[in-house]
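final.pdb, holding PDB, C-alpha atoms:
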```pdb
ATOM      1  CA  MET A 222     194.258  89.483  94.146
ATOM      2  CA  ALA A 223     193.782  86.189  95.914
ATOM      3  CA  THR A 224     190.425  85.051  97.255
ATOM      4  CA  ILE A 225     191.005  84.292 100.921
ATOM      5  CA  ARG A 226     188.597  82.355 103.128
ATOM      6  CA  THR A 227     189.459  81.731 106.763
ATOM      7  CA  GLY A 228     187.629  80.758 109.897
ATOM      8  CA  VAL A 229     187.198  78.612 112.960
ATOM      9  CA  SER A 230     184.555  75.952 113.460
ATOM     10  CA  GLY A 231     183.133  73.993 116.356
ATOM     11  CA  GLU A 232     181.753  71.392 113.948
ATOM     12  CA  PRO A 233     183.578  68.570 112.108
ATOM     13  CA  LEU A 234     185.453  69.838 109.040
ATOM     14  CA  ASP A 235     184.616  68.490 105.585
ATOM     15  CA  MET A 236     187.635  68.685 103.275
ATOM     16  CA  ALA A 237     185.962  66.861 100.370
ATOM     17  CA  GLY A 238     183.008  69.254 100.446
ATOM     18  CA  LEU A 239     185.244  72.304 100.636
ATOM     19  CA  VAL A 240     187.406  71.204  97.725
ATOM     20  CA  ALA A 241     184.369  70.305  95.604
ATOM     21  CA  SER A 242     182.772  73.725  96.071
ATOM     22  CA  PHE A 243     186.077  75.465  95.586
ATOM     23  CA  ASP A 244     187.375  74.521  92.146
ATOM     24  CA  GLN A 245     184.051  73.836  90.457
ATOM     25  CA  GLY A 246     184.008  75.335  86.972
ATOM     26  CA  ARG A 247     187.383  77.022  87.403
ATOM     27  CA  THR A 248     189.742  77.085  84.442
ATOM     28  CA  ASP A 249     192.345  79.530  85.752
ATOM     29  CA  ILE A 250     193.875  77.214  88.370
ATOM     30  CA  GLY A 251     196.825  74.972  87.536
ATOM     31  CA  ALA A 252     197.483  73.547  91.003
ATOM     32  CA  VAL A 253     195.489  72.842  94.162
ATOM     33  CA  VAL A 254     197.355  71.781  97.297
ATOM     34  CA  THR A 255     195.327  70.556 100.261
ATOM     35  CA  PHE A 256     196.586  69.898 103.771
ATOM     36  CA  THR A 257     194.553  68.151 106.462
ATOM     37  CA  GLY A 258     195.856  68.042 110.038
ATOM     38  CA  LEU A 259     194.278  65.085 111.865
ATOM     39  CA  CYS A 260     193.855  64.146 115.501
ATOM     40  CA  ARG A 261     196.001  61.078 116.347
ATOM     41  CA  ASP A 262     195.078  58.510 118.995
ATOM     42  CA  GLU A 263     198.724  58.309 120.170
ATOM     43  CA  ASP A 264     198.893  54.488 119.892
ATOM     44  CA  GLY A 265     195.413  54.038 121.307
ATOM     45  CA  ARG A 266     196.066  56.141 124.409
ATOM     46  CA  LEU A 267     193.900  59.116 123.449
ATOM     47  CA  ASP A 268     190.121  59.385 123.610
ATOM     48  CA  ALA A 269     190.001  62.937 122.277
ATOM     49  CA  LEU A 270     191.753  66.266 122.008
ATOM     50  CA  GLU A 271     190.066  69.353 123.367
ATOM     51  CA  LEU A 272     191.009  72.461 121.427
ATOM     52  CA  GLU A 273     190.681  75.692 123.347
ATOM     53  CA  HIS A 274     190.832  78.929 121.362
ATOM     54  CA  TYR A 275     190.776  82.678 121.917
ATOM     55  CA  PRO A 276     187.550  83.751 120.190
ATOM     56  CA  GLY A 277     188.137  86.836 118.085
ATOM     57  CA  MET A 278     191.908  86.641 118.112
ATOM     58  CA  ALA A 279     192.014  83.105 116.657
ATOM     59  CA  GLU A 280     189.993  84.203 113.609
ATOM     60  CA  ALA A 281     192.082  87.373 113.259
ATOM     61  CA  GLU A 282     195.419  85.520 113.452
ATOM     62  CA  ILE A 283     194.374  82.903 110.886
ATOM     63  CA  ALA A 284     193.303  85.692 108.537
ATOM     64  CA  ARG A 285     196.540  87.620 109.155
ATOM     65  CA  ILE A 286     198.662  84.525 108.408
ATOM     66  CA  ALA A 287     196.674  83.749 105.240
ATOM     67  CA  HIS A 288     197.141  87.329 104.016
ATOM     68  CA  LEU A 289     200.896  87.130 104.709
ATOM     69  CA  ALA A 290     201.056  83.992 102.560
ATOM     70  CA  ALA A 291     198.998  85.581  99.789
ATOM     71  CA  GLU A 292     201.331  88.596  99.731
ATOM     72  CA  ARG A 293     204.356  86.352  99.458
ATOM     73  CA  TRP A 294     203.203  83.815  96.840
ATOM     74  CA  PRO A 295     200.966  84.313  93.787
ATOM     75  CA  VAL A 296     198.106  82.135  94.995
ATOM     76  CA  THR A 297     194.677  82.646  93.442
ATOM     77  CA  ASP A 298     192.784  81.130  96.402
ATOM     78  CA  LEU A 299     193.643  80.323  99.980
ATOM     79  CA  THR A 300     191.287  78.657 102.451
ATOM     80  CA  VAL A 301     192.234  77.991 106.090
ATOM     81  CA  ILE A 302     189.741  76.538 108.593
ATOM     82  CA  HIS A 303     190.657  75.456 112.138
ATOM     83  CA  ARG A 304     188.572  73.374 114.551
ATOM     84  CA  HIS A 305     187.916  74.137 118.171
ATOM     85  CA  GLY A 306     186.161  72.044 120.794
ATOM     86  CA  ARG A 307     186.404  68.293 121.286
ATOM     87  CA  VAL A 308     188.026  66.417 118.376
ATOM     88  CA  ALA A 309     188.119  62.603 118.171
ATOM     89  CA  PRO A 310     191.051  60.644 116.726
ATOM     90  CA  GLY A 311     190.763  60.526 112.944
ATOM     91  CA  GLU A 312     188.896  63.839 112.723
ATOM     92  CA  PRO A 313     190.470  66.876 111.064
ATOM     93  CA  ILE A 314     191.867  69.693 113.210
ATOM     94  CA  VAL A 315     192.857  72.034 110.405
ATOM     95  CA  LEU A 316     192.305  72.319 106.654
ATOM     96  CA  VAL A 317     194.371  74.368 104.221
ATOM     97  CA  ILE A 318     193.583  74.667 100.517
ATOM     98  CA  ALA A 319     195.949  76.697  98.353
ATOM     99  CA  ALA A 320     195.454  77.189  94.622
ATOM    100  CA  SER A 321     197.718  78.837  92.088
ATOM    101  CA  LYS A 322     198.596  78.860  88.407
ATOM    102  CA  HIS A 323     201.800  76.918  89.065
ATOM    103  CA  ARG A 324     202.425  74.354  91.786
ATOM    104  CA  HIS A 325     205.273  75.911  93.786
ATOM    105  CA  ALA A 326     203.212  78.848  95.033
ATOM    106  CA  ALA A 327     200.439  76.545  96.265
ATOM    107  CA  PHE A 328     202.825  74.089  97.962
ATOM    108  CA  GLU A 329     204.832  76.785  99.697
ATOM    109  CA  ALA A 330     201.874  78.950 100.729
ATOM    110  CA  ALA A 331     200.178  75.927 102.349
ATOM    111  CA  GLU A 332     203.311  74.984 104.253
ATOM    112  CA  PHE A 333     203.951  78.567 105.361
ATOM    113  CA  VAL A 334     200.369  78.849 106.658
ATOM    114  CA  MET A 335     200.751  75.650 108.708
ATOM    115  CA  ASP A 336     204.134  76.642 110.164
ATOM    116  CA  PHE A 337     202.762  80.014 111.310
ATOM    117  CA  LEU A 338     199.457  78.601 112.582
ATOM    118  CA  LYS A 339     201.361  76.269 114.888
ATOM    119  CA  THR A 340     203.191  79.066 116.673
ATOM    120  CA  GLN A 341     200.996  82.173 116.190
ATOM    121  CA  ALA A 342     197.329  81.148 116.203
ATOM    122  CA  PRO A 343     195.856  81.102 119.726
ATOM    123  CA  PHE A 344     194.789  77.460 120.090
ATOM    124  CA  TRP A 345     195.762  75.039 122.849
ATOM    125  CA  LYS A 346     195.369  71.249 122.822
ATOM    126  CA  LYS A 347     194.413  69.272 125.896
ATOM    127  CA  GLU A 348     194.583  65.485 125.836
ATOM    128  CA  HIS A 349     191.799  63.290 127.175
ATOM    129  CA  ALA A 350     193.104  59.769 127.828
ATOM    130  CA  ARG A 351     191.034  56.690 127.042
ATOM    131  CA  ASP A 352     191.774  55.061 130.400
ATOM    132  CA  GLY A 353     190.488  58.053 132.341
ATOM    133  CA  THR A 354     193.915  59.035 133.706
ATOM    134  CA  ALA A 355     194.720  62.664 134.308
ATOM    135  CA  THR A 356     194.643  64.736 131.156
ATOM    136  CA  GLY A 357     197.340  67.167 130.218
ATOM    137  CA  TRP A 358     198.025  70.147 128.017
ATOM    138  CA  VAL A 359     200.140  69.403 124.973
ATOM    139  CA  ALA A 360     203.508  71.183 125.232
ATOM    140  CA  ALA A 361     204.746  73.430 122.447
ATOM    141  CA  ARG A 362     207.560  71.898 120.396
ATOM    142  CA  ASP A 363     210.867  73.636 119.627
ATOM    143  CA  ALA A 364     210.672  72.007 116.177
ATOM    144  CA  ASP A 365     207.586  74.144 115.440
ATOM    145  CA  ASP A 366     209.462  77.352 116.288
ATOM    146  CA  GLU A 367     212.315  76.229 114.040
ATOM    147  CA  ALA A 368     209.863  75.430 111.230
ATOM    148  CA  GLU A 369     208.464  78.952 111.488
ATOM    149  CA  ALA A 370     211.900  80.576 111.686
ATOM    150  CA  ARG A 371     213.090  79.077 108.391
ATOM    151  CA  TRP A 372     210.665  81.335 106.483
ATOM    152  CA  GLY A 373     212.365  84.436 107.868
ATOM    153  CA  LYS A 374     210.571  87.340 109.442
ATOM    154  CA  PRO A 375     207.560  88.377 107.342
ATOM    155  CA  SER A 376     207.549  92.099 106.647
TER     156      SER A 376
ATOM    157  CA  MET B 159     191.147  96.700 131.721
ATOM    158  CA  LYS B 160     189.924  93.206 130.871
ATOM    159  CA  LEU B 161     192.226  90.256 131.542
ATOM    160  CA  LEU B 162     191.747  86.916 129.764
ATOM    161  CA  TYR B 163     193.467  83.644 130.631
ATOM    162  CA  PHE B 164     193.725  80.527 128.485
ATOM    163  CA  ALA B 165     194.711  76.846 128.828
ATOM    164  CA  TRP B 166     196.796  76.049 131.928
ATOM    165  CA  VAL B 167     197.104  79.731 132.843
ATOM    166  CA  ARG B 168     193.291  79.807 133.121
ATOM    167  CA  GLU B 169     193.162  76.527 135.058
ATOM    168  CA  ARG B 170     195.849  77.519 137.562
ATOM    169  CA  ILE B 171     194.409  80.980 138.193
ATOM    170  CA  GLY B 172     190.920  79.488 138.353
ATOM    171  CA  LEU B 173     189.371  82.239 136.217
ATOM    172  CA  ALA B 174     188.757  82.662 132.482
ATOM    173  CA  ASP B 175     188.582  86.452 132.704
ATOM    174  CA  GLU B 176     188.339  89.383 135.083
ATOM    175  CA  THR B 177     188.250  93.153 134.939
ATOM    176  CA  ILE B 178     190.748  95.226 136.922
ATOM    177  CA  GLU B 179     191.710  98.830 137.452
ATOM    178  CA  ARG B 180     195.327  99.117 136.387
ATOM    179  CA  PRO B 181     197.296  99.909 139.579
ATOM    180  CA  ALA B 182     199.721 102.827 139.731
ATOM    181  CA  GLY B 183     203.192 101.717 138.688
ATOM    182  CA  VAL B 184     201.980  98.951 136.368
ATOM    183  CA  GLU B 185     203.198 100.291 133.014
ATOM    184  CA  THR B 186     204.154  97.195 131.016
ATOM    185  CA  VAL B 187     203.104  93.569 130.569
ATOM    186  CA  ALA B 188     206.018  92.518 132.795
ATOM    187  CA  ASP B 189     204.787  94.909 135.522
ATOM    188  CA  LEU B 190     201.296  93.428 135.236
ATOM    189  CA  ILE B 191     202.551  89.845 135.526
ATOM    190  CA  GLY B 192     204.611  90.822 138.596
ATOM    191  CA  TRP B 193     201.570  92.483 140.167
ATOM    192  CA  LEU B 194     199.278  89.529 139.386
ATOM    193  CA  LYS B 195     201.713  87.013 140.908
ATOM    194  CA  ALA B 196     201.211  88.602 144.314
ATOM    195  CA  ARG B 197     197.422  88.207 144.170
ATOM    196  CA  GLY B 198     197.249  84.601 145.338
ATOM    197  CA  ASP B 199     198.560  81.059 145.117
ATOM    198  CA  GLY B 200     196.814  80.314 141.806
ATOM    199  CA  TYR B 201     198.345  83.386 140.174
ATOM    200  CA  GLU B 202     201.759  82.575 141.647
ATOM    201  CA  LEU B 203     201.530  79.009 140.262
ATOM    202  CA  ALA B 204     200.326  80.143 136.834
ATOM    203  CA  LEU B 205     202.904  82.899 136.435
ATOM    204  CA  ALA B 206     205.879  81.343 138.287
ATOM    205  CA  GLU B 207     207.890  81.292 135.063
ATOM    206  CA  PRO B 208     207.039  84.555 133.292
ATOM    207  CA  GLU B 209     209.222  83.606 130.295
ATOM    208  CA  ALA B 210     206.761  80.760 129.564
ATOM    209  CA  ILE B 211     203.845  83.205 129.303
ATOM    210  CA  ARG B 212     202.755  84.583 125.937
ATOM    211  CA  VAL B 213     200.714  87.760 125.777
ATOM    212  CA  ALA B 214     198.275  89.489 123.460
ATOM    213  CA  LEU B 215     197.248  93.133 123.801
ATOM    214  CA  ASP B 216     193.894  93.910 122.217
ATOM    215  CA  ARG B 217     194.179  90.565 120.375
ATOM    216  CA  GLU B 218     197.630  91.135 118.890
ATOM    217  CA  HIS B 219     200.785  89.336 119.974
ATOM    218  CA  ALA B 220     203.053  91.485 122.152
ATOM    219  CA  LEU B 221     206.253  91.192 124.172
ATOM    220  CA  HIS B 222     206.618  91.572 127.924
ATOM    221  CA  ASP B 223     208.180  95.034 127.611
ATOM    222  CA  ALA B 224     205.116  96.393 125.741
ATOM    223  CA  SER B 225     203.300  99.345 127.290
ATOM    224  CA  LEU B 226     199.752  98.899 128.597
ATOM    225  CA  ASP B 227     198.781 102.492 127.778
ATOM    226  CA  GLY B 228     195.452 102.550 125.948
ATOM    227  CA  VAL B 229     195.110  98.767 126.104
ATOM    228  CA  ARG B 230     191.631  97.440 126.848
ATOM    229  CA  GLU B 231     192.155  93.664 126.710
ATOM    230  CA  VAL B 232     195.185  91.712 127.918
ATOM    231  CA  ALA B 233     195.381  87.954 127.358
ATOM    232  CA  LEU B 234     197.931  85.719 129.075
ATOM    233  CA  PHE B 235     198.463  82.166 127.834
ATOM    234  CA  PRO B 236     201.015  79.366 127.325
ATOM    235  CA  PRO B 237     202.836  78.857 124.019
ATOM    236  CA  MET B 238     200.258  77.935 121.387
ATOM    237  CA  THR B 239     199.735  74.340 120.236
ATOM    238  CA  GLY B 240     197.206  74.565 117.406
ATOM    239  CA  GLY B 241     197.509  73.281 113.871
TER     240      GLY B 241
END
```

Would you mind writing the file's structure down as structure tokens?
Amino acid sequence: MATIRTGVSGEPLDMAGLVASFDQGRTDIGAVVTFTGLCRDEDGRLDALELEHYPGMAEAEIARIAHLAAERWPVTDLTVIHRHGRVAPGEPIVLVIAASKHRHAAFEAAEFVMDFLKTQAPFWKKEHARDGTATGWVAARDADDEAEARWGKPS
Amino acid sequence: MKLLYFAWVRERIGLADETIERPAGVETVADLIGWLKARGDGYELALAEPEAIRVALDREHALHDASLDGVREVALFPPMTGG
């Protein structure tokens, strides 16, 4: 049975701290895969991203997606934390840590989690431009739907 | 029934949430969206393209043909862009 930790945070995410606390003293793990999604500045254009979320459902969807991954791959640990609020370029938006005995489960579980988060977790990004011009909502990408679809429909 | 709006749906309607009595004849999500569109310019602008609207019923994803029977919280929002 995998240990699953999920959540949302309005504060900056600390990947190094999470990883350090996570595999300390463990001897049963053969592979740890970490993914950090970062806020880009879009060639200097962006001052910040504002991440709106649906409180309650966002937490529930992240947990549901993590459990789907843990049912599908033999991971021992899976941690998924997503930011909300104002995020500056260079700051993390999402962290995924997947651990398993062998590497494939950790790699694939982490990628699956990210592909489903993109299309299923209720978060929306709004851009704030550095030059003060009108800000806009980031549009969903067809490529993200295709990335999700390649995993097939989870049962 | 509580209605929640997010992102540009919220901005165009001009409300984050509201509570309504479900009108007679509004059985599904699609019925609700049709009924809301007639409530004012903001609603009409937000819901002009119903196929662009995603929906959650009691915090679970649902399709537009889903029944509203027994539902307490309906959320309408654009396609998600997290991650």

Practice item. Using all atoms listed in the file, find the one residue out of A:Ala361, A:Gly251, A:Tyr275, A:Gly353 that sits nearest to Arg168 in chain B. Key: A:Tyr275

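Going from CA of Asp352 in chain A to CA of Gly311 in chain A covers 18.3 Å.
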
**Study point:** Pick from B:His219, B:Gly228, B:Glu207, B:Glu179, whichever lies nearest to chain A using only C-alpha atoms
**Key:**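 Closest to chain A of all the choices is B:His219.
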
Review point. Mind listing as JSON, numbers by chain which residues of chain B are within 6 Å of chain A, counting only C-alpha atoms?
Key: {"B": [217, 237, 238, 239, 240, 241]}

Exercise for review: Using CA of Asp223 in chain B and CA of Glu280 in chain A as the two end points, give the distance in Å to one decimal.
Suggested key: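 About the pair CA of Asp223 in chain B and CA of Glu280 in chain A: they are 25.4 Å apart.
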
Practice item. May I ask which of the residues B:Trp193, B:Thr177, B:Gly172, B:Tyr163 is the closest one to Arg230 in chain B, counting all atoms listed in the file? Key: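 Ranked by minimum distance to Arg230 in chain B, first place goes to B:Thr177.
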
Check your understanding: So what do you get for CA of Ile171 in chain B versus CA of Pro236 in chain B, distance-wise?
Key ->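 These two atoms are separated by 12.8 Å.
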
Review point. Any idea what's packed within 10 Å of Leu221 in chain B, counting all atoms listed in the file, ignoring anything in its chain fewer than 6 positions away? Could you give it as a ChimeraX atom specification?
Key: /B:186-188,211-215

I'd like the box whose edges run along x, y and z of the file and which contains every listed atom of range 229-244 of chain A, padded by 5 Å per side; could you state its centre and edge lengths in Å, one decimal, as lines of an AutoDock Vina configuration file?
```
center_x = 184.7
center_y = 72.7
center_z = 104.3
size_x = 15.9
size_y = 21.8
size_z = 34.2
```

Expected selection from the PyMOL selection byres ((chain B and resi 162) around 9), given as an mmCIF file with C-alpha atoms, in the coordinates of the input:
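Once written, selection-v7.cif looks like this:
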```
data_model
loop_
_atom_site.group_PDB
_atom_site.id
_atom_site.type_symbol
_atom_site.label_atom_id
_atom_site.label_comp_id
_atom_site.auth_asym_id
_atom_site.auth_seq_id
_atom_site.Cartn_x
_atom_site.Cartn_y
_atom_site.Cartn_z
ATOM 1 C CA TYR A 275 190.776 82.678 121.917
ATOM 2 C CA LYS B 160 189.924 93.206 130.871
ATOM 3 C CA LEU B 161 192.226 90.256 131.542
ATOM 4 C CA TYR B 163 193.467 83.644 130.631
ATOM 5 C CA PHE B 164 193.725 80.527 128.485
ATOM 6 C CA ARG B 168 193.291 79.807 133.121
ATOM 7 C CA LEU B 173 189.371 82.239 136.217
ATOM 8 C CA ALA B 174 188.757 82.662 132.482
ATOM 9 C CA ASP B 175 188.582 86.452 132.704
ATOM 10 C CA GLU B 176 188.339 89.383 135.083
ATOM 11 C CA THR B 177 188.250 93.153 134.939
ATOM 12 C CA GLU B 231 192.155 93.664 126.710
ATOM 13 C CA VAL B 232 195.185 91.712 127.918
ATOM 14 C CA ALA B 233 195.381 87.954 127.358
ATOM 15 C CA LEU B 234 197.931 85.719 129.075
ATOM 16 C CA PHE B 235 198.463 82.166 127.834
#
```

Exercise for review: Name the residues that the PyMOL selection byres ((chain A and resi 230-238) around 6) pulls out of this structure, and write them as a ChimeraX atom specification.
Suggested key: /A:229,239-241,304-306

Exercise for review: Tell me which residues the PyMOL selection byres ((chain B and resi 181) around 12) grabs here, as a list in words.
Suggested key: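 Evaluating the PyMOL selection byres ((chain B and resi 181) around 12) on this file yields Met159, Ile178, Glu179, Arg180, Ala182, Gly183, Val184, Glu185, Thr186, Asp189, Leu190, Gly192, Trp193, Leu194 and Leu226 of chain B.
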
Practice item. Tell me which of B:Ala165, B:Arg197, B:Ile191, B:Val229 sits closest to Asp216 in chain B, counting all atoms listed in the file. Key: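 Under the stated criterion, the closest residue is B:Val229.
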
**Study point:** Selection: 9 Å around Ala309 in chain A, all atoms listed in the file, excl. self and same-chain fewer than 5 positions, as a PyMOL selection string
**Key:** chain A and resi 260-262+267-271

Exercise for review: Determine the nearest neighbour of Ile250 in chain A from the options A:Arg371, A:Ala364, A:Arg324, A:Phe333, counting only C-alpha atoms.
Suggested key: A:Arg324

Practice item. Excluding Asp249 in chain A and any residue of its chain fewer than 6 positions from it, enumerate the residues within 9 Å of it, using all atoms listed in the file, and give them as a list in words. Key: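 That gives Thr297, Ser321 and Lys322 of chain A.
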